[in-house]
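Here is model.pdb, consisting of PDB, C-alpha atoms and all ligand atoms:
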ATOM      1  CA  MET K 189     -31.036  95.165 198.260  1.00  0.00           C
ATOM      2  CA  GLN K 190     -29.750  94.754 201.808  1.00  0.00           C
ATOM      3  CA  LEU K 191     -33.289  94.786 203.132  1.00  0.00           C
ATOM      4  CA  ASP K 192     -34.271  92.231 200.530  1.00  0.00           C
ATOM      5  CA  GLN K 193     -31.538  89.842 201.658  1.00  0.00           C
ATOM      6  CA  ASP K 194     -32.326  90.393 205.341  1.00  0.00           C
ATOM      7  CA  CYS K 195     -35.899  89.461 204.686  1.00  0.00           C
ATOM      8  CA  LYS K 196     -34.868  86.353 202.785  1.00  0.00           C
ATOM      9  CA  GLN K 197     -32.625  85.210 205.619  1.00  0.00           C
ATOM     10  CA  LYS K 198     -35.413  85.684 208.102  1.00  0.00           C
ATOM     11  CA  GLY K 199     -37.810  83.849 205.859  1.00  0.00           C
ATOM     12  CA  ILE K 200     -40.050  86.881 205.323  1.00  0.00           C
ATOM     13  CA  LYS K 201     -41.761  86.822 201.961  1.00  0.00           C
ATOM     14  CA  VAL K 202     -41.728  90.177 200.240  1.00  0.00           C
ATOM     15  CA  ILE K 203     -44.534  90.839 197.821  1.00  0.00           C
ATOM     16  CA  SER K 204     -43.090  93.403 195.508  1.00  0.00           C
ATOM     17  CA  SER K 205     -45.605  95.455 193.582  1.00  0.00           C
ATOM     18  CA  TYR K 206     -42.915  95.983 190.945  1.00  0.00           C
ATOM     19  CA  ASN K 207     -42.778  92.253 190.252  1.00  0.00           C
ATOM     20  CA  PHE K 208     -46.544  92.029 190.215  1.00  0.00           C
ATOM     21  CA  VAL K 209     -46.814  94.768 187.559  1.00  0.00           C
ATOM     22  CA  LYS K 210     -44.056  93.161 185.529  1.00  0.00           C
ATOM     23  CA  LYS K 211     -45.795  89.785 185.598  1.00  0.00           C
ATOM     24  CA  THR K 212     -49.158  91.284 184.640  1.00  0.00           C
ATOM     25  CA  ILE K 213     -47.644  93.135 181.692  1.00  0.00           C
ATOM     26  CA  LEU K 214     -45.921  89.958 180.518  1.00  0.00           C
ATOM     27  CA  ILE K 215     -49.180  88.000 180.724  1.00  0.00           C
ATOM     28  CA  ILE K 216     -51.031  90.711 178.779  1.00  0.00           C
ATOM     29  CA  LEU K 217     -48.308  90.763 176.114  1.00  0.00           C
ATOM     30  CA  ALA K 218     -48.418  86.979 175.828  1.00  0.00           C
ATOM     31  CA  LEU K 219     -52.217  87.040 175.433  1.00  0.00           C
ATOM     32  CA  LEU K 220     -51.982  89.767 172.780  1.00  0.00           C
ATOM     33  CA  LEU K 221     -49.368  87.749 170.938  1.00  0.00           C
ATOM     34  CA  ILE K 222     -51.588  84.654 170.965  1.00  0.00           C
ATOM     35  CA  PHE K 223     -54.530  86.748 169.806  1.00  0.00           C
ATOM     36  CA  PHE K 224     -52.630  88.323 166.897  1.00  0.00           C
ATOM     37  CA  ALA K 225     -51.075  85.030 165.872  1.00  0.00           C
ATOM     38  CA  GLY K 226     -54.477  83.331 165.964  1.00  0.00           C
ATOM     39  CA  ALA K 227     -56.131  86.168 164.057  1.00  0.00           C
ATOM     40  CA  GLN K 228     -53.808  85.504 161.091  1.00  0.00           C
ATOM     41  CA  PHE K 229     -55.733  82.302 160.431  1.00  0.00           C
ATOM     42  CA  PHE K 230     -58.890  84.294 159.745  1.00  0.00           C
ATOM     43  CA  GLN K 231     -58.073  85.795 156.379  1.00  0.00           C
ATOM     44  CA  PRO K 232     -60.842  87.870 154.808  1.00  0.00           C
ATOM     45  CA  ASP K 233     -61.875  87.152 151.216  1.00  0.00           C
ATOM     46  CA  LYS K 234     -59.534  88.646 148.647  1.00  0.00           C
ATOM     47  CA  ASN K 235     -60.601  91.184 146.058  1.00  0.00           C
ATOM     48  CA  GLU K 236     -58.549  89.884 143.155  1.00  0.00           C
ATOM     49  CA  GLY K 237     -60.695  90.075 140.047  1.00  0.00           C
ATOM     50  CA  GLU K 238     -59.415  90.545 136.525  1.00  0.00           C
ATOM     51  CA  ARG K 239     -57.853  93.984 136.100  1.00  0.00           C
ATOM     52  CA  ASN K 240     -58.526  94.658 132.423  1.00  0.00           C
ATOM     53  CA  ILE K 241     -62.172  93.850 131.938  1.00  0.00           C
ATOM     54  CA  GLU K 242     -64.465  95.222 129.241  1.00  0.00           C
ATOM     55  CA  THR K 243     -66.487  97.342 131.635  1.00  0.00           C
ATOM     56  CA  GLY K 244     -63.383  98.891 133.228  1.00  0.00           C
ATOM     57  CA  LEU K 245     -62.766 102.638 133.308  1.00  0.00           C
ATOM     58  CA  PHE K 246     -59.671 102.365 131.118  1.00  0.00           C
ATOM     59  CA  GLN K 247     -61.650 100.439 128.497  1.00  0.00           C
ATOM     60  CA  THR K 248     -64.706 102.689 128.443  1.00  0.00           C
ATOM     61  CA  ALA K 249     -63.447 106.215 129.115  1.00  0.00           C
ATOM     62  CA  VAL K 250     -60.739 108.455 127.694  1.00  0.00           C
ATOM     63  CA  VAL K 251     -57.891 108.317 130.211  1.00  0.00           C
ATOM     64  CA  ASN K 252     -54.266 109.197 129.506  1.00  0.00           C
ATOM     65  CA  ASP K 253     -51.430 107.083 130.877  1.00  0.00           C
ATOM     66  CA  GLN K 254     -50.540 109.481 133.650  1.00  0.00           C
ATOM     67  CA  ILE K 255     -54.079 109.570 135.034  1.00  0.00           C
ATOM     68  CA  LYS K 256     -54.279 105.784 134.670  1.00  0.00           C
ATOM     69  CA  ALA K 257     -51.156 105.416 136.775  1.00  0.00           C
ATOM     70  CA  LEU K 258     -52.390 107.856 139.438  1.00  0.00           C
ATOM     71  CA  LEU K 259     -55.805 106.216 139.773  1.00  0.00           C
ATOM     72  CA  THR K 260     -54.292 102.738 139.788  1.00  0.00           C
ATOM     73  CA  THR K 261     -51.867 103.557 142.589  1.00  0.00           C
ATOM     74  CA  SER K 262     -54.105 105.782 144.708  1.00  0.00           C
ATOM     75  CA  CYS K 263     -57.659 104.511 144.174  1.00  0.00           C
ATOM     76  CA  TYR K 264     -57.846 101.058 142.589  1.00  0.00           C
ATOM     77  CA  ASP K 265     -57.109  99.129 145.763  1.00  0.00           C
ATOM     78  CA  CYS K 266     -60.494 100.192 147.162  1.00  0.00           C
ATOM     79  CA  HIS K 267     -62.460 101.210 144.073  1.00  0.00           C
ATOM     80  CA  SER K 268     -62.001  98.315 141.651  1.00  0.00           C
ATOM     81  CA  ASN K 269     -62.377  94.531 141.563  1.00  0.00           C
ATOM     82  CA  SER K 270     -58.650  94.131 141.814  1.00  0.00           C
ATOM     83  CA  THR K 271     -56.729  95.063 144.943  1.00  0.00           C
ATOM     84  CA  ASN K 272     -52.963  94.929 144.953  1.00  0.00           C
ATOM     85  CA  TYR K 273     -51.938  93.223 148.200  1.00  0.00           C
ATOM     86  CA  PRO K 274     -48.411  93.852 149.466  1.00  0.00           C
ATOM     87  CA  TRP K 275     -47.336  91.267 152.096  1.00  0.00           C
ATOM     88  CA  TYR K 276     -48.173  93.490 155.064  1.00  0.00           C
ATOM     89  CA  SER K 277     -51.717  93.936 153.830  1.00  0.00           C
ATOM     90  CA  LYS K 278     -52.233  90.227 154.475  1.00  0.00           C
ATOM     91  CA  VAL K 279     -51.357  90.724 158.130  1.00  0.00           C
ATOM     92  CA  PHE K 280     -54.107  91.241 160.708  1.00  0.00           C
ATOM     93  CA  PRO K 281     -55.407  93.895 161.384  1.00  0.00           C
ATOM     94  CA  VAL K 282     -54.403  95.533 158.060  1.00  0.00           C
ATOM     95  CA  SER K 283     -56.085  92.651 156.187  1.00  0.00           C
ATOM     96  CA  TRP K 284     -59.438  93.432 157.820  1.00  0.00           C
ATOM     97  CA  TYR K 285     -58.983  97.181 157.442  1.00  0.00           C
ATOM     98  CA  LEU K 286     -58.565  96.688 153.687  1.00  0.00           C
ATOM     99  CA  TYR K 287     -61.376  94.148 153.411  1.00  0.00           C
ATOM    100  CA  ASP K 288     -63.831  96.553 155.010  1.00  0.00           C
ATOM    101  CA  HIS K 289     -62.754  99.595 152.993  1.00  0.00           C
ATOM    102  CA  VAL K 290     -62.723  97.702 149.705  1.00  0.00           C
ATOM    103  CA  LYS K 291     -66.268  96.497 150.391  1.00  0.00           C
ATOM    104  CA  VAL K 292     -67.614  99.957 151.232  1.00  0.00           C
ATOM    105  CA  GLY K 293     -65.401 101.747 148.692  1.00  0.00           C
ATOM    106  CA  LYS K 294     -66.585  99.533 145.819  1.00  0.00           C
ATOM    107  CA  GLU K 295     -70.207 100.163 146.727  1.00  0.00           C
ATOM    108  CA  ALA K 296     -69.605 103.903 146.440  1.00  0.00           C
ATOM    109  CA  LEU K 297     -67.538 103.740 143.249  1.00  0.00           C
ATOM    110  CA  ASN K 298     -66.228 100.777 141.253  1.00  0.00           C
ATOM    111  CA  PHE K 299     -63.890 101.639 138.390  1.00  0.00           C
ATOM    112  CA  SER K 300     -64.131  98.043 137.148  1.00  0.00           C
ATOM    113  CA  GLU K 301     -67.826  98.603 136.443  1.00  0.00           C
ATOM    114  CA  TRP K 302     -67.492 102.094 135.007  1.00  0.00           C
ATOM    115  CA  GLY K 303     -68.908 100.953 131.658  1.00  0.00           C
ATOM    116  CA  THR K 304     -72.155  99.859 133.316  1.00  0.00           C
ATOM    117  CA  TYR K 305     -72.871 103.316 134.770  1.00  0.00           C
ATOM    118  CA  THR K 306     -75.311 105.595 132.974  1.00  0.00           C
ATOM    119  CA  ASP K 307     -74.005 108.913 131.659  1.00  0.00           C
ATOM    120  CA  ASN K 308     -75.599 110.717 134.604  1.00  0.00           C
ATOM    121  CA  GLU K 309     -73.989 108.342 137.069  1.00  0.00           C
ATOM    122  CA  LYS K 310     -70.624 108.791 135.379  1.00  0.00           C
ATOM    123  CA  ILE K 311     -70.899 112.546 135.537  1.00  0.00           C
ATOM    124  CA  SER K 312     -71.905 112.583 139.186  1.00  0.00           C
ATOM    125  CA  GLN K 313     -69.052 110.170 139.997  1.00  0.00           C
ATOM    126  CA  LEU K 314     -66.619 112.432 138.110  1.00  0.00           C
ATOM    127  CA  VAL K 315     -67.808 115.432 140.127  1.00  0.00           C
ATOM    128  CA  ASP K 316     -67.409 113.439 143.363  1.00  0.00           C
ATOM    129  CA  ILE K 317     -63.941 112.260 142.335  1.00  0.00           C
ATOM    130  CA  GLY K 318     -62.853 115.852 141.658  1.00  0.00           C
ATOM    131  CA  GLU K 319     -64.297 117.040 144.964  1.00  0.00           C
ATOM    132  CA  THR K 320     -63.032 114.257 147.222  1.00  0.00           C
ATOM    133  CA  VAL K 321     -59.548 114.405 145.710  1.00  0.00           C
ATOM    134  CA  SER K 322     -59.202 118.185 145.965  1.00  0.00           C
ATOM    135  CA  ASP K 323     -60.585 118.161 149.539  1.00  0.00           C
ATOM    136  CA  GLY K 324     -57.930 115.591 150.449  1.00  0.00           C
ATOM    137  CA  GLU K 325     -60.731 113.195 151.503  1.00  0.00           C
ATOM    138  CA  MET K 326     -59.575 110.583 148.985  1.00  0.00           C
ATOM    139  CA  PRO K 327     -57.467 108.522 149.082  1.00  0.00           C
ATOM    140  CA  LEU K 328     -58.436 107.869 152.721  1.00  0.00           C
ATOM    141  CA  ARG K 329     -55.803 109.245 155.090  1.00  0.00           C
ATOM    142  CA  SER K 330     -55.510 105.989 156.984  1.00  0.00           C
ATOM    143  CA  PHE K 331     -54.635 104.278 153.677  1.00  0.00           C
ATOM    144  CA  LEU K 332     -51.728 106.678 153.145  1.00  0.00           C
ATOM    145  CA  ILE K 333     -50.080 105.509 156.363  1.00  0.00           C
ATOM    146  CA  ILE K 334     -49.504 102.091 154.795  1.00  0.00           C
ATOM    147  CA  HIS K 335     -49.322 103.239 151.151  1.00  0.00           C
ATOM    148  CA  LYS K 336     -47.050 106.267 151.029  1.00  0.00           C
ATOM    149  CA  GLU K 337     -46.816 106.051 147.233  1.00  0.00           C
ATOM    150  CA  ALA K 338     -50.575 106.686 146.989  1.00  0.00           C
ATOM    151  CA  LYS K 339     -50.268 110.231 148.332  1.00  0.00           C
ATOM    152  CA  LEU K 340     -51.123 112.797 145.644  1.00  0.00           C
ATOM    153  CA  SER K 341     -49.152 116.010 145.169  1.00  0.00           C
ATOM    154  CA  ASN K 342     -51.015 119.272 144.469  1.00  0.00           C
ATOM    155  CA  ASP K 343     -49.974 118.965 140.855  1.00  0.00           C
ATOM    156  CA  GLU K 344     -51.346 115.418 140.617  1.00  0.00           C
ATOM    157  CA  ILE K 345     -54.588 116.481 142.302  1.00  0.00           C
ATOM    158  CA  GLN K 346     -54.970 119.237 139.727  1.00  0.00           C
ATOM    159  CA  LYS K 347     -54.358 116.770 136.889  1.00  0.00           C
ATOM    160  CA  ILE K 348     -57.070 114.445 138.203  1.00  0.00           C
ATOM    161  CA  VAL K 349     -59.491 117.361 138.611  1.00  0.00           C
ATOM    162  CA  ASN K 350     -58.763 118.495 135.037  1.00  0.00           C
ATOM    163  CA  TRP K 351     -59.344 114.978 133.780  1.00  0.00           C
ATOM    164  CA  THR K 352     -62.728 114.704 135.564  1.00  0.00           C
ATOM    165  CA  GLU K 353     -63.794 117.942 133.883  1.00  0.00           C
ATOM    166  CA  GLN K 354     -62.603 116.875 130.422  1.00  0.00           C
ATOM    167  CA  GLU K 355     -64.187 113.450 130.714  1.00  0.00           C
ATOM    168  CA  GLY K 356     -67.446 114.967 131.987  1.00  0.00           C
ATOM    169  CA  MET K 357     -67.547 117.373 129.034  1.00  0.00           C
ATOM    170  CA  ARG K 358     -66.799 114.538 126.637  1.00  0.00           C
ATOM    171  CA  ILE K 359     -69.676 112.421 127.989  1.00  0.00           C
ATOM    172  CA  MET K 360     -72.087 115.341 127.799  1.00  0.00           C
ATOM    173  CA  GLU K 361     -71.104 116.077 124.217  1.00  0.00           C
ATOM    174  CA  VAL K 362     -71.450 112.526 122.913  1.00  0.00           C
ATOM    175  CA  PRO K 363     -75.290 112.263 122.579  1.00  0.00           C
ATOM    176  CA  THR K 364     -75.581 115.451 120.507  1.00  0.00           C
ATOM    177  CA  GLN K 365     -73.131 114.240 117.897  1.00  0.00           C
TER     178      GLN K 365
HETATM  179  C1  LIG S   1     -58.480 102.653 151.550  1.00  0.00           C
HETATM  180  C2  LIG S   1     -59.521 102.602 150.608  1.00  0.00           C
HETATM  181  C3  LIG S   1     -59.800 103.769 149.693  1.00  0.00           C
HETATM  182  C4  LIG S   1     -58.948 104.388 148.801  1.00  0.00           C
HETATM  183  C5  LIG S   1     -57.489 104.066 148.553  1.00  0.00           C
HETATM  184  C6  LIG S   1     -59.735 105.361 148.110  1.00  0.00           C
HETATM  185  N1  LIG S   1     -61.020 105.343 148.568  1.00  0.00           N
HETATM  186 FE1  LIG S   1     -62.559 106.455 147.869  1.00  0.00          FE
HETATM  187  N2  LIG S   1     -63.815 105.623 149.251  1.00  0.00           N
HETATM  188  C7  LIG S   1     -63.461 104.659 150.153  1.00  0.00           C
HETATM  189  C8  LIG S   1     -64.597 104.344 150.993  1.00  0.00           C
HETATM  190  C9  LIG S   1     -64.596 103.337 152.122  1.00  0.00           C
HETATM  191  C10 LIG S   1     -65.647 105.161 150.545  1.00  0.00           C
HETATM  192  C11 LIG S   1     -67.071 105.227 151.058  1.00  0.00           C
HETATM  193  C12 LIG S   1     -67.200 105.856 152.379  1.00  0.00           C
HETATM  194  C13 LIG S   1     -66.786 107.283 152.415  1.00  0.00           C
HETATM  195  O1  LIG S   1     -67.356 108.104 151.672  1.00  0.00           O
HETATM  196  O2  LIG S   1     -65.887 107.614 153.209  1.00  0.00           O
HETATM  197  C14 LIG S   1     -65.139 105.940 149.442  1.00  0.00           C
HETATM  198  C15 LIG S   1     -65.878 106.851 148.730  1.00  0.00           C
HETATM  199  C16 LIG S   1     -65.432 107.496 147.601  1.00  0.00           C
HETATM  200  C17 LIG S   1     -66.258 108.311 146.739  1.00  0.00           C
HETATM  201  C18 LIG S   1     -67.716 108.575 146.932  1.00  0.00           C
HETATM  202  C19 LIG S   1     -67.862 109.736 147.871  1.00  0.00           C
HETATM  203  C20 LIG S   1     -69.300 110.017 148.155  1.00  0.00           C
HETATM  204  O3  LIG S   1     -69.567 111.163 148.494  1.00  0.00           O
HETATM  205  O4  LIG S   1     -70.126 109.107 148.032  1.00  0.00           O
HETATM  206  C21 LIG S   1     -65.455 108.782 145.731  1.00  0.00           C
HETATM  207  C22 LIG S   1     -65.874 109.673 144.590  1.00  0.00           C
HETATM  208  C23 LIG S   1     -64.133 108.250 145.978  1.00  0.00           C
HETATM  209  N3  LIG S   1     -64.145 107.481 147.109  1.00  0.00           N
HETATM  210  C24 LIG S   1     -63.054 108.491 145.173  1.00  0.00           C
HETATM  211  C25 LIG S   1     -61.772 108.025 145.412  1.00  0.00           C
HETATM  212  C26 LIG S   1     -60.631 108.365 144.576  1.00  0.00           C
HETATM  213  C27 LIG S   1     -60.690 109.229 143.333  1.00  0.00           C
HETATM  214  C28 LIG S   1     -59.558 107.741 145.129  1.00  0.00           C
HETATM  215  C29 LIG S   1     -58.129 107.827 144.686  1.00  0.00           C
HETATM  216  C30 LIG S   1     -57.568 109.119 144.502  1.00  0.00           C
HETATM  217  C31 LIG S   1     -60.035 106.989 146.298  1.00  0.00           C
HETATM  218  N4  LIG S   1     -61.370 107.214 146.429  1.00  0.00           N
HETATM  219  C32 LIG S   1     -59.235 106.187 147.105  1.00  0.00           C
HETATM  220  C33 LIG S   1     -62.240 104.034 150.248  1.00  0.00           C
HETATM  221  C34 LIG S   1     -61.103 104.387 149.534  1.00  0.00           C
END

Serialized structure, structure tokens:
Amino acid sequence: MQLDQDCKQKGIKVISSYNFVKKTILIILALLLIFFAGAQFFQPDKNEGERNIETGLFQTAVVNDQIKALLTTSCYDCHSNSTNYPWYSKVFPVSWYLYDHVKVGKEALNFSEWGTYTDNEKISQLVDIGETVSDGEMPLRSFLIIHKEAKLSNDEIQKIVNWTEQEGMRIMEVPTQ
């Protein structure tokens, strides 16, 4: 401090590296802030189709209320035509994270179009659902960070696996009746 004042009195300009770092950090923070604020204006398209459509899983398969609730909470945001958007999911970069995963997720499996799948497709989807859920691959881990309620307990995982087996058996039995 003393040295600082001495320098000032003598008109010596001190270039402090501390101040330089502080200024640079502030400029970077300001730029980031502008970037994030600006990015909010670029909202991706919303996935907000009708929830109860004729071709939906709940309309075309046998699903009990508990499984319905589990799939709705943990899977429907990415695997149906109707995503539930809490406020923070409209905020960049979460908005783009969801947009991308809904797009890719729906291509892999779309519960809203379940009724349009052939029996073979349904069965292979059911097998994949059972596998990805019991491996902990689905719901995507990154999704669970923002949607804690979507995390499945071991008991819930088992219930979903049981349902995929029952539904698969049911589909296979139908043609022979
Ligand atoms: C955050 C979005 C998201 C959520 C939530 C989510 N998924 Fe996925 N899912 C994806 C994406 C993206 C893919 C395709 C890429 C991949 O396989 O990782 C996918 C792929 C799949 C596949 C196909 C796997 C394959 O081998 O082709 C199945 C089956 C699946 N998900 C089931 C589920 C089930 C069941 C749930 C709920 C318990 C769920 N997903 C929740 C995004 C999601």

* Picked residues, the PyMOL selection byres (((not hetatm)) within 10 of (chain S and resi 1)), as a PyMOL selection string -> chain K and resi 258-268+271+285-299+312-322+324-332+334-335+338-340+344-345+348-349+352

Would you mind exporting C-alpha atoms of the selected residues as a compact mmCIF listing (two decimals), keeping the file's coordinate frame?
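Result went into out_16.txt, see below:
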# COMPACT_ATOMS: atom_id res chain seq x y z
CA LEU K 258 -52.39 107.86 139.44
CA LEU K 259 -55.80 106.22 139.77
CA THR K 260 -54.29 102.74 139.79
CA THR K 261 -51.87 103.56 142.59
CA SER K 262 -54.10 105.78 144.71
CA CYS K 263 -57.66 104.51 144.17
CA TYR K 264 -57.85 101.06 142.59
CA ASP K 265 -57.11 99.13 145.76
CA CYS K 266 -60.49 100.19 147.16
CA HIS K 267 -62.46 101.21 144.07
CA SER K 268 -62.00 98.32 141.65
CA THR K 271 -56.73 95.06 144.94
CA TYR K 285 -58.98 97.18 157.44
CA LEU K 286 -58.56 96.69 153.69
CA TYR K 287 -61.38 94.15 153.41
CA ASP K 288 -63.83 96.55 155.01
CA HIS K 289 -62.75 99.60 152.99
CA VAL K 290 -62.72 97.70 149.71
CA LYS K 291 -66.27 96.50 150.39
CA VAL K 292 -67.61 99.96 151.23
CA GLY K 293 -65.40 101.75 148.69
CA LYS K 294 -66.58 99.53 145.82
CA GLU K 295 -70.21 100.16 146.73
CA ALA K 296 -69.60 103.90 146.44
CA LEU K 297 -67.54 103.74 143.25
CA ASN K 298 -66.23 100.78 141.25
CA PHE K 299 -63.89 101.64 138.39
CA SER K 312 -71.90 112.58 139.19
CA GLN K 313 -69.05 110.17 140.00
CA LEU K 314 -66.62 112.43 138.11
CA VAL K 315 -67.81 115.43 140.13
CA ASP K 316 -67.41 113.44 143.36
CA ILE K 317 -63.94 112.26 142.34
CA GLY K 318 -62.85 115.85 141.66
CA GLU K 319 -64.30 117.04 144.96
CA THR K 320 -63.03 114.26 147.22
CA VAL K 321 -59.55 114.40 145.71
CA SER K 322 -59.20 118.18 145.96
CA GLY K 324 -57.93 115.59 150.45
CA GLU K 325 -60.73 113.20 151.50
CA MET K 326 -59.58 110.58 148.99
CA PRO K 327 -57.47 108.52 149.08
CA LEU K 328 -58.44 107.87 152.72
CA ARG K 329 -55.80 109.24 155.09
CA SER K 330 -55.51 105.99 156.98
CA PHE K 331 -54.64 104.28 153.68
CA LEU K 332 -51.73 106.68 153.15
CA ILE K 334 -49.50 102.09 154.79
CA HIS K 335 -49.32 103.24 151.15
CA ALA K 338 -50.58 106.69 146.99
CA LYS K 339 -50.27 110.23 148.33
CA LEU K 340 -51.12 112.80 145.64
CA GLU K 344 -51.35 115.42 140.62
CA ILE K 345 -54.59 116.48 142.30
CA ILE K 348 -57.07 114.44 138.20
CA VAL K 349 -59.49 117.36 138.61
CA THR K 352 -62.73 114.70 135.56

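Of the listed residues (K:Phe280, K:Trp302, K:Trp275, K:Trp351), K:Phe280 comes nearest to Phe224 of chain K; the distances count all atoms listed in the file.
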
Edge lengths and centre in Å to one decimal, as JSON, is what I'm after for the box along x, y and z that holds all listed atoms of segment 285-302 of chain K once 5 Å is added on each side.
{"center_x": -64.4, "center_y": 99.0, "center_z": 146.2, "size_x": 21.6, "size_y": 19.8, "size_z": 32.4}

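Interatomic distance, atom CA of Gly244 of chain K against atom CA of Glu337 of chain K: 22.8 Å.
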
Go through the shown structure with the PyMOL selection byres (((chain K and resi 278) around 12) and not hetatm) and write out the matching residues as an mmCIF file with C-alpha atoms, in the frame of the given file.
data_model
loop_
_atom_site.group_PDB
_atom_site.id
_atom_site.type_symbol
_atom_site.label_atom_id
_atom_site.label_comp_id
_atom_site.auth_asym_id
_atom_site.auth_seq_id
_atom_site.Cartn_x
_atom_site.Cartn_y
_atom_site.Cartn_z
ATOM 1 C CA ALA K 227 -56.131 86.168 164.057
ATOM 2 C CA GLN K 228 -53.808 85.504 161.091
ATOM 3 C CA PHE K 229 -55.733 82.302 160.431
ATOM 4 C CA PHE K 230 -58.890 84.294 159.745
ATOM 5 C CA GLN K 231 -58.073 85.795 156.379
ATOM 6 C CA PRO K 232 -60.842 87.870 154.808
ATOM 7 C CA ASP K 233 -61.875 87.152 151.216
ATOM 8 C CA LYS K 234 -59.534 88.646 148.647
ATOM 9 C CA ASN K 235 -60.601 91.184 146.058
ATOM 10 C CA THR K 271 -56.729 95.063 144.943
ATOM 11 C CA ASN K 272 -52.963 94.929 144.953
ATOM 12 C CA TYR K 273 -51.938 93.223 148.200
ATOM 13 C CA PRO K 274 -48.411 93.852 149.466
ATOM 14 C CA TRP K 275 -47.336 91.267 152.096
ATOM 15 C CA TYR K 276 -48.173 93.490 155.064
ATOM 16 C CA SER K 277 -51.717 93.936 153.830
ATOM 17 C CA VAL K 279 -51.357 90.724 158.130
ATOM 18 C CA PHE K 280 -54.107 91.241 160.708
ATOM 19 C CA PRO K 281 -55.407 93.895 161.384
ATOM 20 C CA VAL K 282 -54.403 95.533 158.060
ATOM 21 C CA SER K 283 -56.085 92.651 156.187
ATOM 22 C CA TRP K 284 -59.438 93.432 157.820
ATOM 23 C CA TYR K 285 -58.983 97.181 157.442
ATOM 24 C CA LEU K 286 -58.565 96.688 153.687
ATOM 25 C CA TYR K 287 -61.376 94.148 153.411
#

* With all atoms listed in the file as the atoms that count, which of K:Leu221, K:Leu214, K:Gly226, K:Glu301 lies nearest to Ile241 of chain K? ->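 Among the listed residues, the smallest separation from Ile241 of chain K belongs to K:Glu301.
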
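Reported to one decimal place, the separation of atom CA of Ile359 of chain K from atom CA of Leu245 of chain K is 13.1 Å.
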
* Asked: Hey, which of K:Glu361, K:Glu355, K:Arg239, K:Ala218 ends up closest to Ile255 of chain K? Count only C-alpha atoms.
  ->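 Of all the options, K:Glu355 lies closest to Ile255 of chain K.
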
* Asked: Closest to Asp307 of chain K among K:Asn269, K:Arg358, K:Asp192, K:Asn350, using all atoms listed in the file?
  -> K:Arg358

Generate the missing atoms of segment 286-300 of chain K up to N, CA and C atoms and report them as a tab-separated table (two decimals), in the coordinates of the input.
chain	number	residue	atom	x	y	z
K	286	LEU	N	-58.42	96.63	155.14
K	286	LEU	CA	-58.56	96.69	153.69
K	286	LEU	C	-59.87	96.05	153.24
K	287	TYR	N	-60.16	94.87	153.79
K	287	TYR	CA	-61.38	94.15	153.41
K	287	TYR	C	-62.59	95.06	153.57
K	288	ASP	N	-62.68	95.71	154.71
K	288	ASP	CA	-63.83	96.55	155.01
K	288	ASP	C	-63.90	97.75	154.07
K	289	HIS	N	-62.75	98.40	153.83
K	289	HIS	CA	-62.75	99.60	152.99
K	289	HIS	C	-62.98	99.28	151.52
K	290	VAL	N	-62.49	98.10	151.09
K	290	VAL	CA	-62.72	97.70	149.71
K	290	VAL	C	-64.22	97.48	149.51
K	291	LYS	N	-64.84	96.81	150.49
K	291	LYS	CA	-66.27	96.50	150.39
K	291	LYS	C	-67.08	97.79	150.29
K	292	VAL	N	-66.85	98.70	151.21
K	292	VAL	CA	-67.61	99.96	151.23
K	292	VAL	C	-67.20	100.86	150.06
K	293	GLY	N	-65.90	100.89	149.77
K	293	GLY	CA	-65.40	101.75	148.69
K	293	GLY	C	-65.98	101.34	147.34
K	294	LYS	N	-66.05	100.03	147.09
K	294	LYS	CA	-66.58	99.53	145.82
K	294	LYS	C	-68.07	99.84	145.67
K	295	GLU	N	-68.78	99.83	146.80
K	295	GLU	CA	-70.21	100.16	146.73
K	295	GLU	C	-70.40	101.61	146.30
K	296	ALA	N	-69.50	102.48	146.77
K	296	ALA	CA	-69.60	103.90	146.44
K	296	ALA	C	-69.16	104.16	145.00
K	297	LEU	N	-68.12	103.49	144.57
K	297	LEU	CA	-67.54	103.74	143.25
K	297	LEU	C	-66.69	102.54	142.86
K	298	ASN	N	-67.02	101.92	141.70
K	298	ASN	CA	-66.23	100.78	141.25
K	298	ASN	C	-65.74	101.03	139.82
K	299	PHE	N	-64.45	101.33	139.71
K	299	PHE	CA	-63.89	101.64	138.39
K	299	PHE	C	-63.97	100.44	137.44
K	300	SER	N	-64.03	99.23	138.00
K	300	SER	CA	-64.13	98.04	137.15
K	300	SER	C	-65.50	97.95	136.47
